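Report on the structure given below.
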There are 2 protein chains.
Amino acid sequence: MKPETRTRELISRLARLDAAGSWEGDLNPTQRAALNYLAHANRFSRSPSHVSSYLGTTRGTTSQSLKSLLLKGYVEEKRSTQDKRVVRYDLTNKGWNISHSTTPLEDVLASLAKDEIAVLQDALTTSLQTALAQNGNQEFGICRTCIHHKPRIKGAYCTLLETELSTPETDQICAEQVRA
Amino acid sequence: MKPETRTRELISRLARLDAAGSWEGDLNPTQRAALNYLAHANRFSRSPSHVSSYLGTTRGTTSQSLKSLLLKGYVEEKRSTQDKRVVRYDLTNKGWNISHSTTPLEDVLASLAKDEIAVLQDALTTSLQTALAQNGNQEFGICRTCIHHKPRIKGAYCTLLETELSTPETDQICAEQVRA
DNA sequence: TTGCAATAGTTTCGAGTCGCTACTAATAGT
DNA sequence: ACTATTAGTAGCGACTCGAAACTATTGCAA
């Protein structure tokens with residue numbers, strides 16, 4: 001079998017195993033994925049559109065998943081006052097608690113050698129970036145690594161959103177991020 | 001973010017992208033995964049039970065997926081004469097044709113450097129083996145690497161199934177495989 | 001300013017996955 | 001012969017997913 005075929009199969013099987021084994025609490029894999037995204041995204045990137053773009057599904061599907069998360073009390077809705085169309089979803093305490101728990105796959109990955117996981121992460125990152133670029137998708141990288149990111153003495157400044165950012169925020173996922 | 005968390009996220013996103021982009025023909029991701037398995041599994045490992053064990057779903061779900069594949073003409077049913085309970089699914093010509101097509105993710109992986117994909121494959125293989133071992137799942141490795149595999153001048157002999165195997169068959173997936 | 005296009009989000013529909021339980025048929029063990 | 005086990009299927013309810021239709025809001029431009 002060609003190495004790329006074999007590797008694709010490995011990725012698919014690992015993801016499948018992970019999804020099956022991560023029915024933590026009353027969250028299914030998709031809901032868990034959405035929650036994970038919301039836990040790491042900055043305050044400008046937590047709308048249904050952003051979630052659906054990140055997960056690669058339609059807005060309709062995402063709308064339902066978020067509604068389910070809302071109903072179960074893992075997130076809360078914040079409607080914007082500037083643009084009355086947009087909604088932002090923030091994690092509740094219950095949401096934060098569950099988002100910290102690790103999945104079986106993470107435990108396995110944690111048992112790899114330090115250099116092994118570093119190399120794995122690099123190769124996967126490269127692959128993901130290439131794949132995303134080919135589809136014209138956004139990368140959803142971390143603020144700190146963006147061309148619009150200008151470091152300040154405390155925190156940073158975003159030249160795109162024209163906003164001051166706190167230090168923890170520069171480590172969050174931003175939907176607008178463009179690699180420097 | 002911890003490297004194992006980041007890596008898990010990468011695997012999950014790549015798999016999601018791959019699944020979304022591989023709606024080749026009229027096959028959805030699960031049906032495609034089942035077809036891929038059948039394309040690489042040997043003649044002793046192509047029953048609904050084996051497919052469900054490989055994909056990590058229940059037999060009920062697999063039964064439906066296979067029924068769908070059958071209906072669409074990608075596979076055909078062969079009922080065993082020895083054990084009248086078991087069914088074997090073989091790919092039709094239509095099935096072989098589609099199983100040879102590559103997915104977008106494969107194309108991306110193929111563009112990686114040779115040593116990079118080798119290292120990637122190794123790390124993923126190790127992770128998968130560990131994860132499967134923890135769940136008590138079968139590994140579904142290749143015949144040739146099994147403790148029951150005894151090479152012959154032409155092909156091989158399996159001491160578990162007590163059967164002669166042709167050379168191509170020793171490169172196929174076997175549900176009974178146990179790493180030597 | 002008015003009007004139209006674009007955008008954010010929701011709703012609904014049909015097909016399909018998935019876990020679960022219950023079921024039939026065939027085989028294996030005692 | 002009786003029972004337990006195994007292979008496969010059927011039906012149920014919850015959910016995902018893509019697609020299309022829909023509302024509300026905003027942006028743009030004549």
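Chain labels A, B, ... are given in the sequence in which chains occur in the structure tokens; within each chain residues are numbered consecutively from 1, and ligands are likewise numbered from 1 in the order shown.
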### Message
Taking only C-alpha atoms into account and nothing else, which residues of chain B lie no more than 8 Å away from chain A? Please answer as a ChimeraX atom specification.
### Response
/B:3-8,10-17,20,55-56,102,104-110,112,116-121,123-125,127-128,130-131
Using only C-alpha atoms (C1' of nucleotides), find each residue in chain B having at least one atom no more than 8 Å away from chain C; report its shortest atom-to-atom pair and that distance in Å (one decimal), rows by chain then rising number, as CSV.
```
residue,atom,partner,partner_atom,distance
B:Thr57,CA,C:DC18,C1',7.5
B:Thr58,CA,C:DG19,C1',7.3
B:Thr61,CA,C:DC18,C1',6.5
B:Asp83,CA,C:DA26,C1',7.5
B:Lys84,CA,C:DA26,C1',6.4
B:Arg85,CA,C:DA26,C1',5.7
```
Would you mind exporting N, CA and C atoms of the selected residues as a compact mmCIF listing (two decimals), in the first residue's frame?
```txt
# COMPACT_ATOMS: atom_id res chain seq x y z
N THR B 57 -17.65 0.38 15.08
CA THR B 57 -19.08 0.63 15.24
C THR B 57 -19.76 -0.69 15.60
N THR B 58 -21.07 -0.66 15.75
CA THR B 58 -21.79 -1.89 16.06
C THR B 58 -22.09 -2.66 14.78
N THR B 61 -25.12 -1.11 12.71
CA THR B 61 -24.77 0.01 11.83
C THR B 61 -24.09 -0.49 10.57
N ASP B 83 -20.01 -22.50 7.03
CA ASP B 83 -20.79 -21.92 8.12
C ASP B 83 -21.87 -21.04 7.52
N LYS B 84 -23.11 -21.54 7.56
CA LYS B 84 -24.18 -20.86 6.85
C LYS B 84 -24.61 -19.55 7.50
N ARG B 85 -23.93 -19.18 8.63
CA ARG B 85 -24.25 -17.89 9.23
C ARG B 85 -23.46 -16.76 8.58
```
### Query
Using only C-alpha atoms (C1' of nucleotides), which chain B residues lie at most 12 Å away from chain D, written as an NGL selection string?
:B and (19-20 or 23 or 28-29 or 47-50 or 52 or 58-64 or 66-67 or 79-80 or 83-88)
### Message
Write out as a ChimeraX atom specification the set of residues from stretch 43-165 of chain A that DSSP, computed on the backbone, places in helix (DSSP H, G or I).
### Response
/A:48-55,59-71,93-100,104-110,114-135,143-145
### Task
Assign secondary structure with DSSP using the backbone only, and return the residues of stretch 11-178 of chain A in strand (DSSP E or B) as a ChimeraX atom specification.
/A:41,75-79,87-91,142,146,149-151,156-158,163-165,173
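Atom CA of B:Ala39 sits 17.0 Å away from atom CA of B:Arg144.
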